[in-house]
file structure.pdb (PDB, C-alpha atoms)
MODEL        1
ATOM      1  CA  MET A   1      48.088 -78.021  11.634
ATOM      2  CA  ALA A   2      50.031 -77.870  14.906
ATOM      3  CA  ASP A   3      52.159 -80.821  13.795
ATOM      4  CA  SER A   4      53.115 -79.194  10.498
ATOM      5  CA  LYS A   5      54.114 -76.043  12.369
ATOM      6  CA  LYS A   6      56.172 -78.101  14.800
ATOM      7  CA  SER A   7      57.947 -79.900  11.982
ATOM      8  CA  SER A   8      58.725 -76.619  10.196
ATOM      9  CA  VAL A   9      60.250 -75.219  13.405
ATOM     10  CA  LEU A  10      62.212 -78.461  13.749
ATOM     11  CA  GLU A  11      63.510 -78.158  10.174
ATOM     12  CA  PHE A  12      64.570 -74.569  10.880
ATOM     13  CA  LEU A  13      66.324 -75.779  14.032
ATOM     14  CA  LYS A  14      68.200 -78.488  12.123
ATOM     15  CA  PHE A  15      69.228 -75.962   9.448
ATOM     16  CA  ALA A  16      70.502 -73.513  12.108
ATOM     17  CA  MET A  17      72.383 -76.289  13.905
ATOM     18  CA  ALA A  18      74.058 -77.411  10.685
ATOM     19  CA  LEU A  19      75.143 -73.815   9.962
ATOM     20  CA  GLU A  20      76.405 -73.507  13.547
ATOM     21  CA  VAL A  21      78.526 -76.644  13.225
ATOM     22  CA  ALA A  22      79.922 -75.627   9.832
ATOM     23  CA  PHE A  23      80.783 -72.013  10.620
ATOM     24  CA  GLY A  24      81.552 -72.725  14.275
ATOM     25  CA  VAL A  25      84.391 -75.127  13.525
ATOM     26  CA  VAL A  26      85.923 -72.727  10.978
ATOM     27  CA  GLY A  27      85.296 -69.585  13.055
ATOM     28  CA  LEU A  28      86.681 -71.049  16.245
ATOM     29  CA  PHE A  29      89.822 -72.347  14.537
ATOM     30  CA  TRP A  30      90.320 -68.835  13.265
ATOM     31  CA  ALA A  31      89.700 -67.462  16.784
ATOM     32  CA  LEU A  32      92.192 -69.962  18.193
ATOM     33  CA  ALA A  33      94.904 -68.840  15.757
ATOM     34  CA  LEU A  34      94.099 -65.153  16.287
ATOM     35  CA  SER A  35      94.112 -65.412  20.068
ATOM     36  CA  ALA A  36      97.399 -67.332  20.056
ATOM     37  CA  ALA A  37      98.944 -64.496  18.035
ATOM     38  CA  VAL A  38      97.436 -61.798  20.279
ATOM     39  CA  VAL A  39      98.524 -63.599  23.472
ATOM     40  CA  TYR A  40     102.068 -63.762  22.104
ATOM     41  CA  PHE A  41     101.935 -60.059  21.247
ATOM     42  CA  PHE A  42     100.496 -59.039  24.641
ATOM     43  CA  THR A  43     103.066 -61.112  26.501
ATOM     44  CA  TYR A  44     105.788 -59.360  24.523
ATOM     45  CA  VAL A  45     104.380 -55.833  25.090
ATOM     46  CA  LEU A  46     102.693 -56.002  28.519
ATOM     47  CA  GLY A  47     104.510 -58.872  30.168
ATOM     48  CA  PRO A  48     103.223 -62.269  31.253
ATOM     49  CA  ILE A  49     100.214 -60.939  33.247
ATOM     50  CA  GLY A  50      98.676 -59.187  30.229
ATOM     51  CA  GLY A  51      99.193 -62.277  28.108
ATOM     52  CA  ALA A  52      97.681 -64.547  30.779
ATOM     53  CA  VAL A  53      94.575 -62.349  31.172
ATOM     54  CA  PHE A  54      93.934 -62.363  27.440
ATOM     55  CA  ALA A  55      94.644 -66.089  27.235
ATOM     56  CA  ALA A  56      92.038 -66.755  29.962
ATOM     57  CA  LEU A  57      89.418 -64.589  28.205
ATOM     58  CA  SER A  58      89.949 -66.209  24.832
ATOM     59  CA  ALA A  59      89.973 -69.689  26.401
ATOM     60  CA  ALA A  60      86.555 -68.963  27.995
ATOM     61  CA  TYR A  61      85.178 -67.724  24.658
ATOM     62  CA  ILE A  62      86.531 -70.675  22.674
ATOM     63  CA  ALA A  63      85.362 -73.224  25.266
ATOM     64  CA  ALA A  64      81.857 -71.702  25.311
ATOM     65  CA  GLY A  65      81.787 -71.583  21.508
ATOM     66  CA  TYR A  66      82.939 -75.168  21.091
ATOM     67  CA  SER A  67      80.457 -76.501  23.631
ATOM     68  CA  THR A  68      77.619 -74.770  21.717
ATOM     69  CA  VAL A  69      78.898 -76.312  18.474
ATOM     70  CA  PHE A  70      79.212 -79.694  20.157
ATOM     71  CA  PHE A  71      75.653 -79.415  21.508
ATOM     72  CA  ALA A  72      74.384 -78.614  17.994
ATOM     73  CA  TYR A  73      76.355 -81.527  16.534
ATOM     74  CA  ARG A  74      74.770 -83.998  18.957
ATOM     75  CA  ALA A  75      71.267 -82.535  18.739
ATOM     76  CA  ILE A  76      71.098 -82.749  14.926
ATOM     77  CA  LYS A  77      71.172 -86.521  15.187
ATOM     78  CA  ARG A  78      68.623 -86.825  17.992
ATOM     79  CA  PRO A  79      66.439 -83.694  18.160
ATOM     80  CA  GLU A  80      63.978 -85.451  20.491
ATOM     81  CA  LEU A  81      66.614 -85.085  23.241
ATOM     82  CA  VAL A  82      66.244 -81.280  23.126
ATOM     83  CA  ARG A  83      63.933 -80.525  26.050
ATOM     84  CA  PRO A  84      62.407 -77.117  26.890
ATOM     85  CA  SER A  85      64.974 -76.417  29.623
ATOM     86  CA  THR A  86      67.979 -77.383  27.451
ATOM     87  CA  ALA A  87      66.595 -75.334  24.560
ATOM     88  CA  ILE A  88      66.378 -72.205  26.739
ATOM     89  CA  LEU A  89      69.837 -72.783  28.252
ATOM     90  CA  TRP A  90      71.606 -73.296  24.908
ATOM     91  CA  SER A  91      69.675 -70.534  23.205
ATOM     92  CA  ARG A  92      71.085 -68.119  25.765
ATOM     93  CA  ALA A  93      74.586 -69.590  25.365
ATOM     94  CA  ALA A  94      74.329 -69.214  21.578
ATOM     95  CA  LEU A  95      73.212 -65.606  22.045
ATOM     96  CA  VAL A  96      76.351 -64.875  24.104
ATOM     97  CA  ALA A  97      78.484 -66.613  21.443
ATOM     98  CA  ALA A  98      76.810 -64.521  18.719
ATOM     99  CA  VAL A  99      77.495 -61.236  20.514
ATOM    100  CA  MET A 100      81.118 -62.147  21.209
ATOM    101  CA  SER A 101      81.713 -63.297  17.634
ATOM    102  CA  ALA A 102      80.237 -60.074  16.292
ATOM    103  CA  ALA A 103      82.589 -58.159  18.594
ATOM    104  CA  LEU A 104      85.520 -60.146  17.154
ATOM    105  CA  ALA A 105      84.309 -59.404  13.586
ATOM    106  CA  ASP A 106      83.636 -63.107  12.905
ATOM    107  CA  PHE A 107      80.309 -62.405  11.208
ATOM    108  CA  LEU A 108      79.552 -65.779   9.628
ATOM    109  CA  TYR A 109      79.814 -67.579  12.958
ATOM    110  CA  GLY A 110      77.995 -64.699  14.670
ATOM    111  CA  VAL A 111      75.046 -64.915  12.281
ATOM    112  CA  SER A 112      74.849 -68.709  12.545
ATOM    113  CA  SER A 113      74.907 -68.517  16.361
ATOM    114  CA  ALA A 114      72.175 -65.881  16.313
ATOM    115  CA  LEU A 115      70.104 -68.130  14.014
ATOM    116  CA  LEU A 116      70.661 -71.062  16.352
ATOM    117  CA  ALA A 117      69.572 -68.932  19.339
ATOM    118  CA  LEU A 118      66.393 -67.903  17.492
ATOM    119  CA  ALA A 119      65.633 -71.450  16.338
ATOM    120  CA  LEU A 120      66.067 -72.898  19.833
ATOM    121  CA  TYR A 121      63.862 -70.176  21.310
ATOM    122  CA  LEU A 122      61.098 -70.892  18.780
ATOM    123  CA  TYR A 123      61.481 -74.625  19.384
ATOM    124  CA  ALA A 124      61.145 -74.155  23.173
ATOM    125  CA  LYS A 125      57.916 -72.212  22.579
ATOM    126  CA  GLU A 126      56.671 -74.888  20.215
ATOM    127  CA  LEU A 127      57.392 -77.636  22.779
ATOM    128  CA  ALA A 128      55.570 -75.586  25.435
ATOM    129  CA  ARG A 129      52.554 -75.118  23.168
ATOM    130  CA  SER A 130      52.320 -78.790  22.258
ATOM    131  CA  SER A 131      52.708 -80.147  25.801
ATOM    132  CA  ALA A 132      50.515 -77.700  27.742
TER     133      ALA A 132
ATOM    134  CA  MET B   1      63.222 -72.223  51.250
ATOM    135  CA  ILE B   2      60.010 -72.058  53.241
ATOM    136  CA  VAL B   3      60.518 -70.849  56.812
ATOM    137  CA  GLU B   4      58.342 -72.343  59.484
ATOM    138  CA  LEU B   5      57.060 -69.692  61.903
ATOM    139  CA  GLU B   6      56.544 -70.174  65.604
ATOM    140  CA  GLY B   7      55.643 -67.870  68.477
ATOM    141  CA  CYS B   8      54.253 -64.404  67.917
ATOM    142  CA  VAL B   9      53.540 -64.745  64.184
ATOM    143  CA  SER B  10      51.331 -61.670  63.735
ATOM    144  CA  SER B  11      53.954 -59.421  65.317
ATOM    145  CA  PHE B  12      56.603 -60.797  62.957
ATOM    146  CA  LEU B  13      54.386 -60.436  59.894
ATOM    147  CA  SER B  14      53.470 -56.809  60.622
ATOM    148  CA  ALA B  15      57.188 -55.929  60.718
ATOM    149  CA  ALA B  16      58.267 -58.026  57.710
ATOM    150  CA  ARG B  17      58.913 -56.215  54.451
ATOM    151  CA  PRO B  18      56.998 -57.041  51.250
ATOM    152  CA  PRO B  19      56.994 -59.031  49.073
ATOM    153  CA  LEU B  20      56.304 -62.101  51.154
ATOM    154  CA  ALA B  21      53.927 -65.011  50.999
ATOM    155  CA  PHE B  22      52.273 -66.559  54.029
ATOM    156  CA  TYR B  23      50.359 -69.775  54.498
ATOM    157  CA  GLY B  24      48.497 -70.584  57.697
ATOM    158  CA  PRO B  25      45.419 -69.592  59.679
ATOM    159  CA  PRO B  26      44.350 -66.046  58.665
ATOM    160  CA  ASN B  27      43.872 -64.934  62.271
ATOM    161  CA  LEU B  28      47.675 -64.866  62.635
ATOM    162  CA  LEU B  29      47.959 -62.068  60.056
ATOM    163  CA  ALA B  30      48.660 -58.448  60.914
ATOM    164  CA  GLY B  31      48.309 -55.470  58.600
ATOM    165  CA  ARG B  32      47.266 -55.370  54.962
ATOM    166  CA  PHE B  33      47.491 -58.593  52.965
ATOM    167  CA  LEU B  34      46.379 -59.676  49.510
ATOM    168  CA  HIS B  35      44.351 -62.848  49.693
ATOM    169  CA  LEU B  36      45.459 -64.572  46.497
ATOM    170  CA  HIS B  37      43.280 -67.054  44.626
ATOM    171  CA  ALA B  38      44.014 -68.902  41.412
ATOM    172  CA  GLY B  39      41.454 -69.902  38.818
ATOM    173  CA  GLU B  40      40.632 -73.464  37.860
ATOM    174  CA  GLY B  41      43.088 -75.196  35.590
ATOM    175  CA  LEU B  42      45.287 -78.239  35.072
ATOM    176  CA  SER B  43      48.400 -78.472  32.951
ATOM    177  CA  GLU B  44      51.332 -80.691  32.036
ATOM    178  CA  PHE B  45      53.915 -77.963  31.415
ATOM    179  CA  GLY B  46      55.569 -75.729  33.998
ATOM    180  CA  ALA B  47      58.172 -75.756  36.721
ATOM    181  CA  PRO B  48      56.743 -77.197  39.947
ATOM    182  CA  ALA B  49      59.190 -76.845  42.830
ATOM    183  CA  PRO B  50      60.516 -80.116  44.283
ATOM    184  CA  GLU B  51      58.523 -79.321  47.449
ATOM    185  CA  ALA B  52      55.298 -79.297  45.409
ATOM    186  CA  VAL B  53      56.108 -82.650  43.811
ATOM    187  CA  GLU B  54      56.969 -83.996  47.268
ATOM    188  CA  TYR B  55      53.634 -82.715  48.592
ATOM    189  CA  CYS B  56      51.624 -84.326  45.771
ATOM    190  CA  ILE B  57      53.274 -87.714  45.195
ATOM    191  CA  GLY B  58      56.264 -87.807  47.572
ATOM    192  CA  ALA B  59      58.876 -87.682  44.789
ATOM    193  CA  GLY B  60      60.623 -84.358  45.455
ATOM    194  CA  ARG B  61      64.143 -85.727  45.106
ATOM    195  CA  TYR B  62      63.447 -86.900  41.557
ATOM    196  CA  ALA B  63      62.057 -83.480  40.592
ATOM    197  CA  LYS B  64      65.317 -81.894  41.806
ATOM    198  CA  LYS B  65      67.090 -83.486  38.819
ATOM    199  CA  LEU B  66      65.022 -81.460  36.332
ATOM    200  CA  ASP B  67      65.648 -77.857  35.351
ATOM    201  CA  PRO B  68      62.707 -75.525  34.808
ATOM    202  CA  PRO B  69      60.642 -75.629  32.667
ATOM    203  CA  TYR B  70      59.770 -79.279  32.265
ATOM    204  CA  THR B  71      56.829 -81.394  31.152
ATOM    205  CA  LEU B  72      54.936 -84.152  32.924
ATOM    206  CA  LYS B  73      56.441 -86.597  30.434
ATOM    207  CA  GLU B  74      59.992 -85.633  31.462
ATOM    208  CA  LEU B  75      59.055 -86.084  35.114
ATOM    209  CA  LEU B  76      57.585 -89.525  34.371
ATOM    210  CA  ASP B  77      60.861 -90.483  32.672
ATOM    211  CA  VAL B  78      62.945 -89.844  35.811
ATOM    212  CA  LEU B  79      60.498 -91.478  38.245
ATOM    213  CA  PRO B  80      60.905 -95.095  39.345
ATOM    214  CA  GLU B  81      58.318 -97.638  38.220
ATOM    215  CA  GLY B  82      56.183 -97.572  41.387
ATOM    216  CA  LEU B  83      55.705 -93.807  41.439
ATOM    217  CA  ARG B  84      55.089 -93.467  37.709
ATOM    218  CA  GLU B  85      51.527 -94.762  37.818
ATOM    219  CA  LYS B  86      50.756 -92.553  40.801
ATOM    220  CA  ALA B  87      52.117 -89.486  38.997
ATOM    221  CA  LYS B  88      50.232 -90.294  35.803
ATOM    222  CA  ASN B  89      46.884 -90.206  37.618
ATOM    223  CA  SER B  90      47.624 -87.337  39.998
ATOM    224  CA  VAL B  91      45.320 -84.323  39.664
ATOM    225  CA  CYS B  92      47.333 -82.547  42.378
ATOM    226  CA  LEU B  93      50.469 -82.772  40.223
ATOM    227  CA  ARG B  94      48.703 -81.327  37.178
ATOM    228  CA  ARG B  95      47.407 -78.532  39.397
ATOM    229  CA  ALA B  96      50.980 -77.917  40.622
ATOM    230  CA  PHE B  97      52.174 -77.674  37.000
ATOM    231  CA  TYR B  98      49.439 -75.132  36.285
ATOM    232  CA  LEU B  99      50.083 -73.010  39.391
ATOM    233  CA  SER B 100      53.869 -73.022  38.886
ATOM    234  CA  ARG B 101      53.335 -70.660  35.959
ATOM    235  CA  VAL B 102      52.013 -67.925  38.271
ATOM    236  CA  ASP B 103      53.167 -64.451  37.253
ATOM    237  CA  PRO B 104      55.090 -62.925  40.193
ATOM    238  CA  ARG B 105      55.687 -59.541  38.578
ATOM    239  CA  PRO B 106      52.483 -57.782  39.745
ATOM    240  CA  LEU B 107      53.071 -59.124  43.278
ATOM    241  CA  ARG B 108      56.486 -57.607  43.892
ATOM    242  CA  SER B 109      55.193 -54.920  46.261
ATOM    243  CA  ALA B 110      52.621 -56.862  48.262
ATOM    244  CA  LYS B 111      52.268 -59.101  51.265
ATOM    245  CA  ILE B 112      50.357 -62.126  50.138
ATOM    246  CA  TYR B 113      48.212 -64.592  52.020
ATOM    247  CA  VAL B 114      47.426 -67.914  50.335
ATOM    248  CA  ASP B 115      45.271 -70.766  51.554
ATOM    249  CA  ASP B 116      46.520 -73.204  48.912
ATOM    250  CA  PRO B 117      49.907 -74.804  49.717
ATOM    251  CA  LEU B 118      50.601 -75.403  45.999
ATOM    252  CA  LEU B 119      50.343 -71.660  45.382
ATOM    253  CA  LEU B 120      52.796 -71.058  48.239
ATOM    254  CA  PHE B 121      55.285 -73.506  46.659
ATOM    255  CA  ALA B 122      54.855 -71.711  43.318
ATOM    256  CA  LEU B 123      55.511 -68.255  44.833
ATOM    257  CA  GLU B 124      58.434 -69.327  47.012
ATOM    258  CA  PRO B 125      61.159 -68.998  44.312
ATOM    259  CA  TYR B 126      60.298 -65.323  43.884
ATOM    260  CA  MET B 127      59.811 -64.119  47.472
ATOM    261  CA  PRO B 128      60.405 -65.197  51.080
ATOM    262  CA  ALA B 129      57.721 -67.687  52.061
ATOM    263  CA  TYR B 130      56.592 -68.302  55.632
ATOM    264  CA  ALA B 131      54.243 -70.977  56.830
ATOM    265  CA  VAL B 132      52.531 -72.356  59.881
ATOM    266  CA  GLY B 133      51.721 -76.027  59.428
ATOM    267  CA  ILE B 134      54.077 -76.824  56.530
ATOM    268  CA  GLN B 135      57.482 -78.274  57.370
ATOM    269  CA  GLY B 136      60.087 -75.772  56.224
ATOM    270  CA  GLY B 137      63.844 -75.922  55.960
ATOM    271  CA  ARG B 138      64.394 -73.915  59.123
ATOM    272  CA  LYS B 139      62.347 -72.513  61.975
ATOM    273  CA  LYS B 140      61.967 -68.939  63.083
ATOM    274  CA  ARG B 141      60.645 -67.960  66.470
ATOM    275  CA  ALA B 142      59.311 -64.424  66.696
ATOM    276  CA  GLU B 143      59.103 -62.395  69.912
ATOM    277  CA  CYS B 144      56.102 -60.194  70.590
ATOM    278  CA  GLY B 145      56.747 -56.447  70.396
ATOM    279  CA  ALA B 146      55.508 -53.936  72.970
ATOM    280  CA  ASP B 147      52.789 -52.532  70.688
ATOM    281  CA  PRO B 148      49.899 -54.776  69.715
ATOM    282  CA  PRO B 149      50.059 -55.589  65.961
ATOM    283  CA  PRO B 150      47.466 -53.940  63.669
ATOM    284  CA  PRO B 151      44.357 -56.042  62.956
ATOM    285  CA  PRO B 152      44.351 -58.086  59.713
ATOM    286  CA  GLN B 153      42.922 -56.599  56.515
ATOM    287  CA  LEU B 154      42.456 -58.930  53.579
ATOM    288  CA  ALA B 155      41.858 -57.734  50.024
ATOM    289  CA  ASP B 156      40.899 -60.393  47.472
ATOM    290  CA  ALA B 157      43.033 -60.764  44.347
ATOM    291  CA  GLU B 158      43.205 -63.176  41.449
ATOM    292  CA  ALA B 159      46.600 -64.629  40.505
ATOM    293  CA  ARG B 160      47.591 -64.292  36.864
ATOM    294  CA  ILE B 161      48.694 -67.600  35.388
ATOM    295  CA  MET B 162      50.963 -67.278  32.369
ATOM    296  CA  SER B 163      50.342 -69.271  29.212
ATOM    297  CA  PRO B 164      53.082 -71.829  28.381
ATOM    298  CA  GLU B 165      54.583 -69.566  25.704
ATOM    299  CA  GLU B 166      54.604 -66.564  28.024
ATOM    300  CA  PHE B 167      56.287 -68.723  30.659
ATOM    301  CA  VAL B 168      59.081 -69.617  28.209
ATOM    302  CA  ASP B 169      59.576 -65.887  27.518
ATOM    303  CA  PHE B 170      59.578 -65.172  31.242
ATOM    304  CA  LEU B 171      62.250 -67.801  31.964
ATOM    305  CA  TYR B 172      64.277 -66.687  28.942
ATOM    306  CA  VAL B 173      64.721 -63.099  30.088
ATOM    307  CA  ARG B 174      64.724 -63.763  33.844
ATOM    308  CA  ASP B 175      68.096 -63.344  35.568
ATOM    309  CA  ILE B 176      70.038 -63.178  32.316
ATOM    310  CA  PHE B 177      72.716 -60.998  33.936
ATOM    311  CA  GLU B 178      72.369 -62.334  37.467
ATOM    312  CA  PRO B 179      74.814 -65.278  37.062
ATOM    313  CA  LEU B 180      77.516 -62.850  35.922
ATOM    314  CA  ALA B 181      77.207 -60.877  39.156
ATOM    315  CA  ASN B 182      77.291 -63.968  41.356
ATOM    316  CA  PRO B 183      80.413 -66.127  40.877
ATOM    317  CA  VAL B 184      78.995 -69.127  42.757
ATOM    318  CA  ARG B 185      75.937 -69.161  40.515
ATOM    319  CA  LEU B 186      78.122 -68.757  37.440
ATOM    320  CA  LEU B 187      80.258 -71.749  38.464
ATOM    321  CA  ARG B 188      77.128 -73.806  39.140
ATOM    322  CA  LEU B 189      75.767 -72.867  35.705
ATOM    323  CA  LEU B 190      79.061 -73.825  34.026
ATOM    324  CA  TRP B 191      79.013 -77.131  35.912
ATOM    325  CA  ARG B 192      75.449 -77.736  34.727
ATOM    326  CA  ILE B 193      76.433 -76.960  31.132
ATOM    327  CA  ALA B 194      79.441 -79.278  31.385
ATOM    328  CA  ARG B 195      77.257 -82.062  32.816
ATOM    329  CA  ARG B 196      74.649 -81.489  30.103
ATOM    330  CA  ALA B 197      77.351 -81.954  27.464
ATOM    331  CA  VAL B 198      76.544 -85.665  27.738
ATOM    332  CA  PHE B 199      72.785 -84.947  27.976
TER     333      PHE B 199
ENDMDL
END
call {"tool": "encode", "arguments": {"input": "structure.pdb", "output": "structure tokens"}}
result
Amino acid sequence: MADSKKSSVLEFLKFAMALEVAFGVVGLFWALALSAAVVYFFTYVLGPIGGAVFAALSAAYIAAGYSTVFFAYRAIKRPELVRPSTAILWSRAALVAAVMSAALADFLYGVSSALLALALYLYAKELARSSA
Amino acid sequence: MIVELEGCVSSFLSAARPPLAFYGPPNLLAGRFLHLHAGEGLSEFGAPAPEAVEYCIGAGRYAKKLDPPYTLKELLDVLPEGLREKAKNSVCLRRAFYLSRVDPRPLRSAKIYVDDPLLLFALEPYMPAYAVGIQGGRKKRAECGADPPPPPQLADAEARIMSPEEFVDFLYVRDIFEPLANPVRLLRLLWRIARRAVF
């Protein structure tokens, strides 16, 4: 009974990670192109400081997004490496990525990140229940 | 970090602000304290502090490599061969896992006295912890005030131990905004994430 529940949570996690990788790569390429355009525009209108500030913000967002995608890509192949502490850490990172993507109107990537956050949270609880 | 007290302990404790946890002989107390007990229980999931692992099996520096929460199995994986057998059979370690899931939220406005060092190690991340008889990171010598400190009053209380699932929830929502306010913590978190990128 407990094992079947664990495996269903694991399947959900794999599904969410696959969505994250698929939409993440597309969404972040789009974000990269958009931010390059906006940085160019800001540098033109506000001068180099405005452009640099926006470039730093978008670099932080894209780096955080890509590391979440990269984590999902590695964890699909070896889900046994996802420990309770890593699950909590990356669930929170995915939540931040989801909120930021929603703010940038990138809804597909936002929804997949939110799903990944939920799946990792449920998986952490499942690991806690089975190892108590 | 647990601070080792010396000198006029009762005078220091009557002036200290709650919450705080104290371990030592109860006759050194001054003022109102909660005498905290924990029920029976052993577990293999939690977040024992490195000091607790050091106390039980002398392997604190290996526990420092793990982020909370972790399981006994993860701890066994990072231990060297000689200590692994010792950890596998240790009741003290399982007790430390169980007590590390203590709920600090109802204790935020109290001065607490514990007579179990493992409970002190479990409370230390959430409040300043002082001890007589446990080696701490630094020492504090208190001077006696002019007024004699009030006599000790102990009220018994039972610690609430969270279930593993509750503990995951607790860690999930704890300090979610705190790293943003503290740049050093944020950098440390980013470094941890970058290091974890290779598992």
call {"tool": "residues_around", "arguments": {"input": "structure.pdb", "residues": "Ala47 of chain B", "least_positions_apart": "3", "cutoff": "10 Å", "atoms": "only C-alpha atoms", "output": "list in words"}}
result
Ser85 of chain A; Glu44, Pro50, Ala52, Ala63, Leu66, Asp67, Pro68, Pro69, Tyr70, Thr71, Leu72, Ala96, Phe97, Tyr98, Leu99, Ser100, Arg101, Ala122 and Phe167 of chain B
call {"tool": "resolve_selection", "arguments": {"input": "structure.pdb", "expression": "the ChimeraX specification (/A :<12) & /B", "output": "mmCIF file with C-alpha atoms, in the frame of the given file"}}
result
data_model
loop_
_atom_site.group_PDB
_atom_site.id
_atom_site.type_symbol
_atom_site.label_atom_id
_atom_site.label_comp_id
_atom_site.auth_asym_id
_atom_site.auth_seq_id
_atom_site.Cartn_x
_atom_site.Cartn_y
_atom_site.Cartn_z
ATOM 1 C CA GLY B 41 43.088 -75.196 35.590
ATOM 2 C CA LEU B 42 45.287 -78.239 35.072
ATOM 3 C CA SER B 43 48.400 -78.472 32.951
ATOM 4 C CA GLU B 44 51.332 -80.691 32.036
ATOM 5 C CA PHE B 45 53.915 -77.963 31.415
ATOM 6 C CA GLY B 46 55.569 -75.729 33.998
ATOM 7 C CA ALA B 47 58.172 -75.756 36.721
ATOM 8 C CA LYS B 65 67.090 -83.486 38.819
ATOM 9 C CA LEU B 66 65.022 -81.460 36.332
ATOM 10 C CA ASP B 67 65.648 -77.857 35.351
ATOM 11 C CA PRO B 68 62.707 -75.525 34.808
ATOM 12 C CA PRO B 69 60.642 -75.629 32.667
ATOM 13 C CA TYR B 70 59.770 -79.279 32.265
ATOM 14 C CA THR B 71 56.829 -81.394 31.152
ATOM 15 C CA LEU B 72 54.936 -84.152 32.924
ATOM 16 C CA LYS B 73 56.441 -86.597 30.434
ATOM 17 C CA GLU B 74 59.992 -85.633 31.462
ATOM 18 C CA LEU B 75 59.055 -86.084 35.114
ATOM 19 C CA ARG B 94 48.703 -81.327 37.178
ATOM 20 C CA PHE B 97 52.174 -77.674 37.000
ATOM 21 C CA TYR B 98 49.439 -75.132 36.285
ATOM 22 C CA ARG B 101 53.335 -70.660 35.959
ATOM 23 C CA MET B 162 50.963 -67.278 32.369
ATOM 24 C CA SER B 163 50.342 -69.271 29.212
ATOM 25 C CA PRO B 164 53.082 -71.829 28.381
ATOM 26 C CA GLU B 165 54.583 -69.566 25.704
ATOM 27 C CA GLU B 166 54.604 -66.564 28.024
ATOM 28 C CA PHE B 167 56.287 -68.723 30.659
ATOM 29 C CA VAL B 168 59.081 -69.617 28.209
ATOM 30 C CA ASP B 169 59.576 -65.887 27.518
ATOM 31 C CA PHE B 170 59.578 -65.172 31.242
ATOM 32 C CA LEU B 171 62.250 -67.801 31.964
ATOM 33 C CA TYR B 172 64.277 -66.687 28.942
ATOM 34 C CA VAL B 173 64.721 -63.099 30.088
ATOM 35 C CA ARG B 174 64.724 -63.763 33.844
ATOM 36 C CA ASP B 175 68.096 -63.344 35.568
ATOM 37 C CA ILE B 176 70.038 -63.178 32.316
ATOM 38 C CA PHE B 177 72.716 -60.998 33.936
ATOM 39 C CA LEU B 189 75.767 -72.867 35.705
ATOM 40 C CA LEU B 190 79.061 -73.825 34.026
ATOM 41 C CA ARG B 192 75.449 -77.736 34.727
ATOM 42 C CA ILE B 193 76.433 -76.960 31.132
ATOM 43 C CA ALA B 194 79.441 -79.278 31.385
ATOM 44 C CA ARG B 195 77.257 -82.062 32.816
ATOM 45 C CA ARG B 196 74.649 -81.489 30.103
ATOM 46 C CA ALA B 197 77.351 -81.954 27.464
ATOM 47 C CA VAL B 198 76.544 -85.665 27.738
ATOM 48 C CA PHE B 199 72.785 -84.947 27.976
#
call {"tool": "residues_around", "arguments": {"input": "structure.pdb", "residues": "Gly65 of chain A", "least_positions_apart": "4", "cutoff": "8 Å", "atoms": "all atoms listed in the file", "output": "compact mmCIF listing (two decimals) with C-alpha atoms, keeping the file's coordinate frame"}}
result
# COMPACT_ATOMS: atom_id res chain seq x y z
CA GLY A 24 81.55 -72.72 14.28
CA LEU A 28 86.68 -71.05 16.24
CA TYR A 61 85.18 -67.72 24.66
CA VAL A 69 78.90 -76.31 18.47
CA ALA A 94 74.33 -69.21 21.58
CA ALA A 97 78.48 -66.61 21.44
call {"tool": "resolve_selection", "arguments": {"input": "structure.pdb", "expression": "the PyMOL selection byres ((chain B and resi 83) around 12)", "output": "VMD selection string"}}
result
chain B and resid 53 to 54 56 to 60 62 75 to 82 84 to 90
call {"tool": "residues_around", "arguments": {"input": "structure.pdb", "residues": "segment 9-12 of chain A", "least_positions_apart": "4", "cutoff": "10 Å", "atoms": "only C-alpha atoms", "output": "VMD selection string"}}
result
chain A and resid 3 to 5 16 to 18 76 79 to 80 115 to 116 118 to 120 122 to 126
call {"tool": "resolve_selection", "arguments": {"input": "structure.pdb", "expression": "the PyMOL selection byres ((chain B and resi 14) around 9)", "output": "PDB file with C-alpha atoms, keeping the file's coordinate frame"}}
result
ATOM      1  CA  VAL B   9      53.540 -64.745  64.184  1.00  0.00           C
ATOM      2  CA  SER B  10      51.331 -61.670  63.735  1.00  0.00           C
ATOM      3  CA  SER B  11      53.954 -59.421  65.317  1.00  0.00           C
ATOM      4  CA  PHE B  12      56.603 -60.797  62.957  1.00  0.00           C
ATOM      5  CA  LEU B  13      54.386 -60.436  59.894  1.00  0.00           C
ATOM      6  CA  ALA B  15      57.188 -55.929  60.718  1.00  0.00           C
ATOM      7  CA  ALA B  16      58.267 -58.026  57.710  1.00  0.00           C
ATOM      8  CA  ARG B  17      58.913 -56.215  54.451  1.00  0.00           C
ATOM      9  CA  LEU B  29      47.959 -62.068  60.056  1.00  0.00           C
ATOM     10  CA  ALA B  30      48.660 -58.448  60.914  1.00  0.00           C
ATOM     11  CA  GLY B  31      48.309 -55.470  58.600  1.00  0.00           C
ATOM     12  CA  ARG B  32      47.266 -55.370  54.962  1.00  0.00           C
ATOM     13  CA  PRO B 149      50.059 -55.589  65.961  1.00  0.00           C
ATOM     14  CA  PRO B 150      47.466 -53.940  63.669  1.00  0.00           C
TER      15      PRO B 150
END
call {"tool": "atom_distance", "arguments": {"input": "structure.pdb", "atom1": "atom CA of Pro25 of chain B", "atom2": "atom CA of Val114 of chain B"}}
result
9.7 Å
call {"tool": "atom_distance", "arguments": {"input": "structure.pdb", "atom1": "atom CA of His37 of chain B", "atom2": "atom CA of Glu158 of chain B"}}
result
5.0 Å
